[in-house]
$ cat work-v2.tsv   # TSV, C-alpha atoms and all ligand atoms
chain	number	residue	atom	x	y	z
D	1	MET	CA	-24.03	-10.45	9.10
D	2	ILE	CA	-23.80	-13.10	11.81
D	3	ILE	CA	-24.30	-12.74	15.55
D	4	PRO	CA	-22.54	-15.66	17.18
D	5	LYS	CA	-23.64	-16.47	20.69
D	6	THR	CA	-22.85	-19.12	23.19
D	7	SER	CA	-26.34	-19.03	24.66
D	8	LYS	CA	-29.58	-18.02	23.02
D	9	LEU	CA	-30.77	-14.43	23.11
D	10	ASN	CA	-33.79	-14.05	25.36
D	11	GLU	CA	-37.12	-13.06	23.87
D	12	LYS	CA	-36.76	-9.37	24.67
D	13	GLN	CA	-33.20	-9.17	23.34
D	14	LEU	CA	-34.21	-10.91	20.14
D	15	GLN	CA	-37.05	-8.43	19.66
D	16	GLU	CA	-34.63	-5.53	20.02
D	17	VAL	CA	-32.33	-6.95	17.35
D	18	GLU	CA	-35.31	-7.71	15.12
D	19	ALA	CA	-36.61	-4.16	15.46
D	20	ILE	CA	-33.27	-2.71	14.31
D	21	ALA	CA	-33.00	-5.18	11.43
D	22	SER	CA	-36.53	-4.43	10.24
D	23	ASP	CA	-35.77	-0.67	10.20
D	24	PHE	CA	-33.27	-1.61	7.48
D	25	GLU	CA	-35.60	-4.06	5.73
D	26	CYS	CA	-33.63	-7.04	6.99
D	27	SER	CA	-34.85	-10.10	8.86
D	28	ILE	CA	-33.30	-12.49	11.36
D	29	LEU	CA	-32.84	-16.20	11.03
D	30	GLU	CA	-32.02	-18.25	14.10
D	31	ILE	CA	-29.69	-21.13	13.33
D	32	GLN	CA	-29.61	-23.69	16.12
D	33	GLY	CA	-26.54	-25.93	16.22
D	34	ARG	CA	-25.99	-28.75	18.68
D	35	ASN	CA	-24.01	-26.62	21.13
D	36	ARG	CA	-24.41	-23.14	19.87
D	37	CYS	CA	-26.95	-20.81	18.36
D	38	VAL	CA	-26.17	-18.08	15.84
D	39	TYR	CA	-28.39	-15.44	14.29
D	40	ALA	CA	-28.01	-14.50	10.63
D	41	ILE	CA	-29.25	-11.08	9.50
D	42	LEU	CA	-30.66	-11.50	6.04
D	43	GLY	CA	-30.90	-8.67	3.51
D	44	ASP	CA	-28.47	-5.93	2.56
D	45	GLU	CA	-25.98	-6.59	5.32
D	46	GLY	CA	-23.61	-3.91	4.06
D	47	ARG	CA	-25.50	-1.27	6.00
D	48	GLU	CA	-22.98	0.26	8.29
D	49	VAL	CA	-25.46	2.04	10.53
D	50	MET	CA	-27.42	-1.16	11.18
D	51	PHE	CA	-24.18	-2.99	11.92
D	52	LYS	CA	-23.12	-0.34	14.43
D	53	ARG	CA	-26.52	-0.25	16.16
D	54	ILE	CA	-26.64	-4.00	16.59
D	55	ALA	CA	-22.99	-4.20	17.65
D	56	GLY	CA	-23.69	-1.44	20.18
D	57	LEU	CA	-26.42	-3.39	22.04
D	58	PRO	CA	-25.08	-4.22	25.49
D	59	PHE	CA	-25.90	-7.93	25.24
D	60	ILE	CA	-24.20	-8.43	21.85
D	61	ALA	CA	-20.60	-9.50	22.30
D	62	LYS	CA	-19.65	-9.80	18.64
D	63	VAL	CA	-21.04	-9.31	15.14
D	64	ASP	CA	-19.33	-10.70	12.03
D	65	MET	CA	-19.78	-9.25	8.57
D	66	ILE	CA	-19.89	-11.81	5.79
D	67	GLU	CA	-19.65	-9.32	2.96
D	68	SER	CA	-16.21	-7.85	2.37
D	69	PRO	CA	-15.78	-4.28	3.63
D	70	TYR	CA	-13.80	-3.49	0.48
D	71	LYS	CA	-15.94	-4.34	-2.49
D	72	LEU	CA	-13.49	-3.66	-5.32
D	73	MET	CA	-10.19	-4.58	-3.71
D	74	ASP	CA	-11.56	-7.95	-2.62
D	75	ARG	CA	-9.93	-10.90	-4.29
D	76	ARG	CA	-13.37	-12.19	-5.24
D	77	SER	CA	-14.50	-8.91	-6.82
D	78	GLY	CA	-15.02	-8.28	-10.53
D	79	LEU	CA	-11.48	-6.86	-10.63
D	80	SER	CA	-9.88	-10.14	-9.58
D	81	ASP	CA	-8.33	-10.55	-13.04
D	82	HIS	CA	-7.04	-6.99	-13.18
D	83	ARG	CA	-3.29	-6.73	-13.68
D	84	VAL	CA	-1.30	-3.60	-12.89
D	85	ARG	CA	1.24	-2.42	-15.44
D	86	VAL	CA	3.91	0.21	-15.02
D	87	GLY	CA	4.91	1.23	-18.51
D	88	LYS	CA	4.66	-2.04	-20.45
D	89	PRO	CA	5.58	-4.74	-17.92
D	90	GLU	CA	2.94	-6.32	-15.76
D	91	VAL	CA	3.85	-6.04	-12.09
D	92	GLY	CA	4.50	-9.42	-10.51
D	93	LYS	CA	4.58	-11.48	-13.66
D	94	ASP	CA	7.49	-13.90	-13.98
D	95	LYS	CA	9.97	-11.88	-11.90
D	96	PRO	CA	10.18	-9.28	-9.11
D	97	PHE	CA	9.30	-5.78	-10.23
D	98	ILE	CA	12.05	-3.49	-8.95
D	99	ILE	CA	11.67	0.24	-8.45
D	100	ALA	CA	14.87	1.94	-7.25
D	101	GLY	CA	16.47	5.34	-6.93
D	102	PRO	CA	17.57	7.99	-4.48
D	103	CYS	CA	15.28	9.06	-1.67
D	104	THR	CA	15.52	12.70	-2.60
D	105	ILE	CA	16.63	14.38	-5.82
D	106	ASP	CA	19.27	17.03	-5.13
D	107	PRO	CA	18.34	19.97	-7.36
D	108	ALA	CA	21.79	21.52	-6.91
D	109	ASN	CA	23.57	18.38	-8.16
D	110	PRO	CA	21.42	16.81	-10.88
D	111	ASN	CA	24.26	14.51	-11.93
D	112	PHE	CA	23.95	12.44	-8.77
D	113	TYR	CA	20.41	11.60	-9.80
D	114	LEU	CA	21.15	11.12	-13.48
D	115	GLU	CA	24.20	8.93	-12.88
D	116	SER	CA	22.30	6.87	-10.30
D	117	ALA	CA	19.50	6.42	-12.83
D	118	HIS	CA	21.88	5.14	-15.51
D	119	ALA	CA	23.63	2.80	-13.07
D	120	LEU	CA	20.24	1.44	-11.97
D	121	LYS	CA	19.16	0.89	-15.53
D	122	GLU	CA	22.36	-1.10	-15.96
D	123	ALA	CA	21.51	-2.99	-12.76
D	124	GLY	CA	18.30	-4.20	-14.37
D	125	VAL	CA	15.61	-2.28	-12.48
D	126	ASP	CA	12.13	-1.79	-13.94
D	127	ALA	CA	11.39	1.76	-12.76
D	128	LEU	CA	13.08	4.75	-11.12
D	129	ARG	CA	12.03	6.45	-7.94
D	130	GLY	CA	13.08	9.89	-6.70
D	131	GLY	CA	11.66	12.43	-4.29
D	132	VAL	CA	10.80	15.76	-5.89
D	133	TRP	CA	8.73	16.99	-2.92
D	134	LYS	CA	9.50	15.52	0.47
D	135	PRO	CA	7.34	14.99	3.55
D	136	ARG	CA	9.79	15.88	6.29
D	137	THR	CA	9.20	15.47	10.00
D	138	ASN	CA	11.20	18.59	10.71
D	139	PRO	CA	9.84	21.74	9.05
D	140	TYR	CA	13.39	23.10	8.69
D	141	SER	CA	14.63	20.08	6.70
D	142	PHE	CA	14.85	20.27	2.89
D	143	GLN	CA	11.29	20.09	1.56
D	144	GLY	CA	12.01	19.37	-2.11
D	145	ASP	CA	12.03	21.57	-5.15
D	146	ASN	CA	9.92	21.86	-8.32
D	147	HIS	CA	13.13	21.89	-10.36
D	148	SER	CA	13.73	18.26	-9.37
D	149	LEU	CA	10.76	17.28	-11.51
D	150	SER	CA	12.66	18.23	-14.66
D	151	ILE	CA	15.65	16.16	-13.45
D	152	ILE	CA	13.63	12.97	-13.04
D	153	LEU	CA	11.90	13.63	-16.38
D	154	GLN	CA	15.33	13.89	-17.98
D	155	ALA	CA	16.30	10.58	-16.34
D	156	ARG	CA	13.19	8.95	-17.82
D	157	GLU	CA	14.02	10.40	-21.23
D	158	GLU	CA	17.62	9.16	-21.10
D	159	THR	CA	16.99	5.69	-19.63
D	160	GLY	CA	13.55	4.91	-21.02
D	161	LEU	CA	12.50	3.73	-17.54
D	162	PRO	CA	9.13	4.67	-15.99
D	163	ILE	CA	9.27	7.04	-13.00
D	164	ASP	CA	7.67	7.12	-9.56
D	165	ILE	CA	7.30	10.28	-7.47
D	166	GLU	CA	5.47	11.08	-4.26
D	167	VAL	CA	2.76	13.73	-4.16
D	168	MET	CA	1.39	15.23	-0.98
D	169	ASP	CA	-1.31	17.57	-2.19
D	170	SER	CA	-3.51	18.56	-5.07
D	171	GLU	CA	-1.05	21.01	-6.57
D	172	GLN	CA	1.79	18.48	-6.67
D	173	LEU	CA	-0.57	15.85	-8.03
D	174	LYS	CA	-1.55	18.10	-10.92
D	175	LEU	CA	2.09	18.92	-11.74
D	176	ALA	CA	2.98	15.22	-11.63
D	177	LEU	CA	0.09	14.29	-13.90
D	178	GLU	CA	0.89	17.09	-16.36
D	179	ALA	CA	4.39	15.60	-16.53
D	180	LYS	CA	2.75	12.20	-17.16
D	181	VAL	CA	4.62	10.43	-14.38
D	182	ASP	CA	4.10	6.68	-14.56
D	183	VAL	CA	3.61	6.06	-10.83
D	184	VAL	CA	2.15	8.44	-8.28
D	185	GLN	CA	3.38	7.55	-4.81
D	186	VAL	CA	1.28	8.18	-1.71
D	187	GLY	CA	3.58	8.27	1.28
D	188	THR	CA	2.99	6.76	4.67
D	189	ARG	CA	1.88	10.07	6.15
D	190	ASN	CA	-0.88	10.48	3.58
D	191	ALA	CA	-1.99	6.86	3.49
D	192	GLN	CA	-5.21	7.84	5.27
D	193	ASN	CA	-5.65	11.27	3.72
D	194	TYR	CA	-8.93	10.23	2.18
D	195	ARG	CA	-9.49	13.45	0.25
D	196	LEU	CA	-6.10	13.08	-1.43
D	197	LEU	CA	-6.73	9.40	-2.17
D	198	LYS	CA	-10.08	10.26	-3.75
D	199	GLU	CA	-8.60	13.04	-5.81
D	200	ILE	CA	-5.84	10.76	-7.07
D	201	GLY	CA	-8.50	8.21	-8.04
D	202	GLN	CA	-10.57	10.86	-9.82
D	203	LEU	CA	-7.74	12.52	-11.73
D	204	THR	CA	-6.19	9.22	-12.84
D	205	ALA	CA	-9.46	7.38	-13.54
D	206	GLY	CA	-9.31	5.40	-16.76
D	207	SER	CA	-5.61	6.26	-17.31
D	208	ASN	CA	-2.52	4.06	-17.20
D	209	THR	CA	-1.10	5.92	-14.22
D	210	ALA	CA	-0.25	3.53	-11.42
D	211	VAL	CA	-0.38	4.41	-7.72
D	212	LEU	CA	2.10	3.11	-5.15
D	213	LEU	CA	0.21	3.34	-1.88
D	214	LYS	CA	2.43	3.06	1.16
D	215	ARG	CA	1.12	1.57	4.37
D	216	GLY	CA	0.38	4.18	7.03
D	217	ARG	CA	2.87	4.22	9.88
D	218	HIS	CA	0.07	3.88	12.40
D	219	MET	CA	-2.21	1.63	10.39
D	220	ALA	CA	-3.18	-1.26	12.54
D	221	SER	CA	-4.79	-3.90	10.40
D	222	PRO	CA	-4.21	-5.01	6.82
D	223	ASN	CA	-7.90	-4.22	6.24
D	224	GLU	CA	-7.37	-0.56	7.08
D	225	PHE	CA	-4.61	-0.47	4.48
D	226	ILE	CA	-6.79	-2.18	1.88
D	227	ALA	CA	-9.62	0.26	2.64
D	228	SER	CA	-7.32	3.16	1.74
D	229	ALA	CA	-6.62	1.55	-1.62
D	230	GLU	CA	-10.37	1.09	-2.08
D	231	TYR	CA	-10.74	4.90	-2.06
D	232	ILE	CA	-8.55	5.17	-5.17
D	233	VAL	CA	-10.07	2.20	-6.96
D	234	ALA	CA	-13.64	3.31	-6.18
D	235	GLU	CA	-12.95	6.58	-8.04
D	236	GLY	CA	-11.97	4.67	-11.18
D	237	ASN	CA	-8.29	3.75	-11.05
D	238	PRO	CA	-7.60	0.08	-10.28
D	239	ASN	CA	-3.84	0.40	-10.95
D	240	VAL	CA	-2.91	0.32	-7.28
D	241	MET	CA	0.13	-1.35	-5.74
D	242	LEU	CA	0.22	-1.92	-1.97
D	243	CYS	CA	3.50	-1.00	-0.31
D	244	PRO	CA	4.30	-2.17	3.22
D	245	ARG	CA	7.14	0.05	4.49
D	246	GLY	CA	7.30	-0.59	8.22
D	247	THR	CA	5.10	0.74	10.99
D	248	THR	CA	5.52	2.41	14.35
D	249	PRO	CA	6.48	1.87	17.13
D	250	PRO	CA	9.82	0.80	15.66
D	251	LEU	CA	11.53	-2.39	16.60
D	252	GLU	CA	14.51	-1.10	18.52
D	253	GLY	CA	17.48	-0.93	16.15
D	254	TYR	CA	15.33	-0.56	13.02
D	255	ARG	CA	13.82	2.61	11.63
D	256	ASN	CA	10.31	1.12	11.82
D	257	HIS	CA	8.75	-2.20	12.64
D	258	PRO	CA	9.42	-4.30	9.54
D	259	ASP	CA	6.12	-5.51	8.06
D	260	GLU	CA	7.00	-7.44	4.92
D	261	SER	CA	5.37	-10.39	6.68
D	262	ILE	CA	1.90	-8.94	6.05
D	263	THR	CA	2.39	-9.63	2.33
D	264	PRO	CA	0.64	-13.05	2.35
D	265	LEU	CA	-2.33	-11.55	4.21
D	266	LEU	CA	-2.69	-8.79	1.63
D	267	LYS	CA	-2.30	-11.23	-1.25
D	268	ASN	CA	-4.86	-13.50	0.30
D	269	ARG	CA	-7.47	-10.76	0.63
D	270	THR	CA	-6.93	-8.71	-2.52
D	271	TRP	CA	-5.85	-9.05	-6.13
D	272	ALA	CA	-3.52	-6.01	-5.93
D	273	PRO	CA	0.23	-6.46	-6.31
D	274	VAL	CA	2.36	-5.96	-3.21
D	275	VAL	CA	5.58	-3.98	-3.63
D	276	VAL	CA	7.55	-3.87	-0.38
D	277	ASP	CA	9.80	-0.95	0.58
D	278	PRO	CA	12.64	-2.50	2.63
D	279	SER	CA	14.56	0.79	2.87
D	280	HIS	CA	12.12	2.69	5.09
D	281	SER	CA	11.21	-0.49	6.93
D	282	VAL	CA	14.63	-1.35	8.38
D	283	GLY	CA	16.22	2.02	7.65
D	284	HIS	CA	19.86	0.89	7.39
D	285	ALA	CA	21.62	0.07	4.13
D	286	ASP	CA	23.22	-3.04	5.68
D	287	PHE	CA	19.86	-4.64	6.47
D	288	VAL	CA	18.08	-3.74	3.21
D	289	PRO	CA	19.25	-6.81	1.20
D	290	ALA	CA	17.99	-9.33	3.78
D	291	CYS	CA	14.68	-7.51	4.12
D	292	SER	CA	14.32	-7.50	0.33
D	293	LEU	CA	14.85	-11.25	0.08
D	294	ALA	CA	12.43	-11.84	2.96
D	295	ALA	CA	9.76	-9.76	1.21
D	296	ILE	CA	10.10	-11.78	-1.99
D	297	ALA	CA	10.02	-15.03	0.00
D	298	TYR	CA	6.77	-13.86	1.61
D	299	GLY	CA	5.24	-13.50	-1.85
D	300	ALA	CA	5.84	-9.84	-2.72
D	301	ASP	CA	5.50	-8.92	-6.40
D	302	GLY	CA	8.20	-6.31	-6.22
D	303	LEU	CA	10.36	-3.95	-4.19
D	304	CYS	CA	10.87	-0.21	-3.93
D	305	ILE	CA	14.47	0.37	-2.84
D	306	GLU	CA	16.46	3.51	-2.14
D	307	SER	CA	19.71	3.50	-4.09
D	308	HIS	CA	22.29	6.19	-4.87
D	309	ILE	CA	25.69	6.15	-6.58
D	310	GLN	CA	27.24	7.93	-3.61
D	311	PRO	CA	24.92	7.49	-0.62
D	312	ALA	CA	27.15	9.58	1.64
D	313	LYS	CA	26.66	12.59	-0.64
D	314	GLY	CA	22.90	12.16	-0.89
D	315	ILE	CA	20.28	14.24	0.83
D	316	GLY	CA	17.15	13.01	2.62
D	317	ASP	CA	17.45	9.36	3.72
D	318	ASP	CA	20.22	8.37	1.34
D	319	PRO	CA	23.29	8.54	3.62
D	320	LYS	CA	21.59	6.13	6.05
D	321	GLN	CA	19.68	3.70	3.95
D	322	ALA	CA	20.49	3.94	0.23
D	323	ILE	CA	22.37	0.98	-1.21
D	324	LEU	CA	24.73	1.14	-4.18
D	325	PRO	CA	23.36	0.33	-7.65
D	326	GLN	CA	25.83	-2.56	-7.76
D	327	LYS	CA	24.10	-4.02	-4.68
D	328	VAL	CA	20.74	-3.56	-6.41
D	329	LYS	CA	22.12	-5.53	-9.35
D	330	GLU	CA	23.08	-8.39	-7.04
D	331	LEU	CA	19.64	-8.22	-5.45
D	332	VAL	CA	17.87	-8.38	-8.80
D	333	GLY	CA	19.68	-11.72	-9.27
D	334	SER	CA	19.19	-13.12	-5.76
D	335	CYS	CA	15.55	-12.00	-5.52
D	336	THR	CA	14.84	-13.74	-8.84
D	337	GLU	CA	16.34	-16.94	-7.41
D	338	VAL	CA	14.17	-16.69	-4.29
D	339	TRP	CA	11.17	-15.91	-6.51
D	340	LYS	CA	11.65	-19.19	-8.36
D	341	ASN	CA	11.98	-21.23	-5.17
D	342	ARG	CA	9.45	-19.61	-2.87
D	343	TYR	CA	6.51	-21.36	-1.27
D	344	LEU	CA	3.25	-19.61	-2.00
D	345	PRO	CA	-0.03	-20.77	-0.46
D	401	LIG	C1	10.12	7.99	0.60
D	401	LIG	O1	9.72	7.11	-0.19
D	401	LIG	O2	11.20	8.59	0.49
D	401	LIG	C2	9.26	8.29	1.77
D	401	LIG	C3	9.24	9.47	2.34
D	401	LIG	O3	8.58	7.22	2.14
D	401	LIG	P1	7.54	6.99	3.33
D	401	LIG	O4	6.32	7.76	2.96
D	401	LIG	O5	7.33	5.50	3.32
D	401	LIG	O6	8.19	7.48	4.59
D	402	MN	MN	13.15	8.17	1.78
$ encode --input "work-v2.tsv" --output "structure tokens"
Amino acid sequence: MIIPKTSKLNEKQLQEVEAIASDFECSILEIQGRNRCVYAILGDEGREVMFKRIAGLPFIAKVDMIESPYKLMDRRSGLSDHRVRVGKPEVGKDKPFIIAGPCTIDPANPNFYLESAHALKEAGVDALRGGVWKPRTNPYSFQGDNHSLSIILQAREETGLPIDIEVMDSEQLKLALEAKVDVVQVGTRNAQNYRLLKEIGQLTAGSNTAVLLKRGRHMASPNEFIASAEYIVAEGNPNVMLCPRGTTPPLEGYRNHPDESITPLLKNRTWAPVVVDPSHSVGHADFVPACSLAAIAYGADGLCIESHIQPAKGIGDDPKQAILPQKVKELVGSCTEVWKNRYLP
């Protein structure tokens, strides 16, 4: 922990800082530069209470932590060589990893889902998505249906593709894990539901189940997002993919504020793959292709796209933002081209 200062602390101030540090068995080293003096706190600097007490002193303007706040997600952690797989393929190796499918599975018309799944398989996607249970802003909107689970399981059976579904609570998580879903999705609304994140980590610890963690709509910094992932990894499941999906307030004209541009920051700080969701970010089918290409150019390892064979007949977000499987096929090609020509730091 470093306390930068433009002028030296006076004797009394220094004693106050020293007293707090010694309560936590840490000491202070004064480092005098030509124009500036900084104080380094030596010892176990990860002590949050000490950090807060020192930062709270009225004469301390700023304290910097040197240790990473996320021990396991950090790019320099022991997990730095960990690779996430969904089914067999490694996410982000050689080509973009594409998850696609309708927003919401319509339990009354399973063929829409099944036909979309087959068309997407033909389009070359790597995994299928589909909402069984839906987090809806309006309590009177369709909330999902347990029966939809059997529809997506049938799609997996018929296509051989891994499946991704969102869970919002313990009960849904258990049903999804009993069904051996390949990817458990945590939606934007639950991105900071720490109890759910922990439970997902506990119940999937040591398994091959991957977790697609969406970025919270109100999450400010990339670090807050990474800290949410740390909850899952700390419980024993490192198979986490980070999914920027737009934040609020929206950029007028888009559904959210597109945030694929945070991809390089996430990749710089962590080893986890980044799978961008362009559909919820821009929220209009017409803008999804450009957002997808931008995400790949920024260094994303993959995309999670809403796609439906007949968007206008879909439920949930599909009429607005789902693109046709044929468009997904084109994107698989154009994203692979961008992938080969992108500039990564
Ligand atoms: C979804 O994937 O359909 C969904 C509800 O996503 P988000 O949590 O990003 O809104
Ligand atoms: Mn959706």
$ residues_near_ligand --input "work-v2.tsv" --ligand "ligand MN 402 (chain D)" --cutoff "8 Å" --atoms "only C-alpha atoms and all ligand atoms" --output "list in words"
Pro102, Cys103, Thr104, Gly131, Ser279, His280, Glu306, Gly316, Asp317 and Asp318 of chain D
$ closest_residue --input "work-v2.tsv" --among "D:Ile226, D:Val338, D:Ile99, D:Leu344" --to "ligand LIG 401 (chain D)" --atoms "only C-alpha atoms and all ligand atoms"
D:Ile99
$ atom_distance --input "work-v2.tsv" --atom1 "CA of Leu293 (chain D)" --atom2 "CA of Trp339 (chain D)"
8.9 Å
$ atom_distance --input "work-v2.tsv" --atom1 "CA of Ser27 (chain D)" --atom2 "CA of Met1 (chain D)"
10.8 Å
$ residues_near_ligand --input "work-v2.tsv" --ligand "ligand LIG 401 (chain D)" --cutoff "9 Å" --atoms "all atoms listed in the file" --output "ChimeraX atom specification"
/D:102-104,129-131,134-136,165-166,185-191,213-217,243-246,277,279-281,304-306,316-317
$ residues_around --input "work-v2.tsv" --residues "Leu153 (chain D)" --least-positions-apart "5" --cutoff "9 Å" --atoms "all atoms listed in the file" --output "MDAnalysis selection string"
chainID D and resid 148 158 163 179 181
$ axis_aligned_box --input "work-v2.tsv" --around "region 28-41 of chain D" --padding-each-side "4 Å" --output "JSON"
{"center_x": -28.7, "center_y": -19.9, "center_z": 15.3, "size_x": 17.3, "size_y": 25.7, "size_z": 19.6}
$ closest_residue --input "work-v2.tsv" --among "D:Ala123, D:Ile151, D:Ala100, D:Ala117" --to "Val276 (chain D)" --atoms "all atoms listed in the file"
D:Ala100
$ closest_residue --input "work-v2.tsv" --among "D:Arg156, D:Lys88, D:Lys62, D:Arg76" --to "Lys267 (chain D)" --atoms "only C-alpha atoms"
D:Arg76
$ closest_residue --input "work-v2.tsv" --among "D:Glu16, D:Asp259, D:Asp301, D:Glu115" --to "Gln154 (chain D)" --atoms "only C-alpha atoms"
D:Glu115
$ closest_residue --input "work-v2.tsv" --among "D:Ile105, D:Asp126, D:Ala312, D:Ile3" --to "Ala285 (chain D)" --atoms "only C-alpha atoms"
D:Ala312
$ closest_residue --input "work-v2.tsv" --among "D:Gly78, D:Pro222, D:Pro162, D:Gly236" --to "Leu203 (chain D)" --atoms "all atoms listed in the file"
D:Gly236
$ residues_around --input "work-v2.tsv" --residues "Met50 (chain D)" --least-positions-apart "3" --cutoff "7 Å" --atoms "only C-alpha atoms" --output "ChimeraX atom specification"
/D:20-21,24,47,53-54
$ residues_near_point --input "work-v2.tsv" --point "(-36.6, -16.3, 10.4)" --cutoff "10 Å" --atoms "only C-alpha atoms" --output "compact mmCIF listing (two decimals) with C-alpha atoms, in the coordinates of the input"
# COMPACT_ATOMS: atom_id res chain seq x y z
CA GLU D 18 -35.31 -7.71 15.12
CA SER D 27 -34.85 -10.10 8.86
CA ILE D 28 -33.30 -12.49 11.36
CA LEU D 29 -32.84 -16.20 11.03
CA GLU D 30 -32.02 -18.25 14.10
CA ILE D 31 -29.69 -21.13 13.33
CA TYR D 39 -28.39 -15.44 14.29
CA ALA D 40 -28.01 -14.50 10.63
CA ILE D 41 -29.25 -11.08 9.50
CA LEU D 42 -30.66 -11.50 6.04
$ atom_distance --input "work-v2.tsv" --atom1 "CA of Asp106 (chain D)" --atom2 "CA of Leu128 (chain D)"
15.0 Å
$ residues_around --input "work-v2.tsv" --residues "Glu90 (chain D)" --least-positions-apart "2" --cutoff "12 Å" --atoms "only C-alpha atoms" --output "VMD selection string"
chain D and resid 82 to 88 92 to 98 126 208 210 239 241 272 to 273 301 to 302
$ residues_around --input "work-v2.tsv" --residues "Ser68 (chain D)" --least-positions-apart "3" --cutoff "12 Å" --atoms "only C-alpha atoms" --output "number ranges by chain"
D: 1, 45-47, 64-65, 71-77, 223, 226-227, 230, 269-270
$ build_atoms --input "work-v2.tsv" --residues "region 91-96 of chain D" --atoms "all heavy atoms" --output "PDB file, keeping the file's coordinate frame"
ATOM      1  N   VAL D  91       3.195  -5.914 -13.399  1.00  0.00           N
ATOM      2  CA  VAL D  91       3.850  -6.040 -12.090  1.00  0.00           C
ATOM      3  C   VAL D  91       3.578  -7.432 -11.513  1.00  0.00           C
ATOM      4  O   VAL D  91       2.423  -7.850 -11.415  1.00  0.00           O
ATOM      5  CB  VAL D  91       3.343  -4.946 -11.121  1.00  0.00           C
ATOM      6  CG1 VAL D  91       3.967  -5.110  -9.735  1.00  0.00           C
ATOM      7  CG2 VAL D  91       3.634  -3.570 -11.692  1.00  0.00           C
ATOM      8  N   GLY D  92       4.663  -8.118 -11.162  1.00  0.00           N
ATOM      9  CA  GLY D  92       4.500  -9.420 -10.510  1.00  0.00           C
ATOM     10  C   GLY D  92       4.395 -10.583 -11.459  1.00  0.00           C
ATOM     11  O   GLY D  92       4.110 -11.698 -11.031  1.00  0.00           O
ATOM     12  N   LYS D  93       4.633 -10.348 -12.732  1.00  0.00           N
ATOM     13  CA  LYS D  93       4.580 -11.480 -13.660  1.00  0.00           C
ATOM     14  C   LYS D  93       6.000 -11.990 -13.890  1.00  0.00           C
ATOM     15  O   LYS D  93       6.887 -11.224 -14.226  1.00  0.00           O
ATOM     16  CB  LYS D  93       3.970 -10.998 -14.981  1.00  0.00           C
ATOM     17  CG  LYS D  93       3.757 -12.121 -15.962  1.00  0.00           C
ATOM     18  CD  LYS D  93       2.723 -11.771 -16.992  1.00  0.00           C
ATOM     19  CE  LYS D  93       2.415 -12.977 -17.831  1.00  0.00           C
ATOM     20  NZ  LYS D  93       2.897 -12.857 -19.180  1.00  0.00           N
ATOM     21  N   ASP D  94       6.222 -13.203 -13.682  1.00  0.00           N
ATOM     22  CA  ASP D  94       7.490 -13.900 -13.980  1.00  0.00           C
ATOM     23  C   ASP D  94       8.687 -13.524 -13.118  1.00  0.00           C
ATOM     24  O   ASP D  94       9.561 -14.331 -12.879  1.00  0.00           O
ATOM     25  CB  ASP D  94       7.918 -13.733 -15.451  1.00  0.00           C
ATOM     26  CG  ASP D  94       6.819 -14.181 -16.397  1.00  0.00           C
ATOM     27  OD1 ASP D  94       6.053 -15.078 -15.982  1.00  0.00           O
ATOM     28  OD2 ASP D  94       6.708 -13.622 -17.496  1.00  0.00           O
ATOM     29  N   LYS D  95       8.793 -12.254 -12.708  1.00  0.00           N
ATOM     30  CA  LYS D  95       9.970 -11.880 -11.900  1.00  0.00           C
ATOM     31  C   LYS D  95       9.642 -10.684 -11.024  1.00  0.00           C
ATOM     32  O   LYS D  95       8.650  -9.997 -11.282  1.00  0.00           O
ATOM     33  CB  LYS D  95      11.173 -11.598 -12.796  1.00  0.00           C
ATOM     34  CG  LYS D  95      11.001 -10.406 -13.709  1.00  0.00           C
ATOM     35  CD  LYS D  95      12.255 -10.260 -14.555  1.00  0.00           C
ATOM     36  CE  LYS D  95      12.301  -8.979 -15.358  1.00  0.00           C
ATOM     37  NZ  LYS D  95      12.206  -7.721 -14.650  1.00  0.00           N
ATOM     38  N   PRO D  96      10.470 -10.432  -9.983  1.00  0.00           N
ATOM     39  CA  PRO D  96      10.180  -9.280  -9.110  1.00  0.00           C
ATOM     40  C   PRO D  96      10.245  -7.967  -9.880  1.00  0.00           C
ATOM     41  O   PRO D  96      11.137  -7.787 -10.720  1.00  0.00           O
ATOM     42  CB  PRO D  96      11.292  -9.340  -8.058  1.00  0.00           C
ATOM     43  CG  PRO D  96      11.947 -10.671  -8.197  1.00  0.00           C
ATOM     44  CD  PRO D  96      11.670 -11.188  -9.563  1.00  0.00           C
TER      45      PRO D  96
END
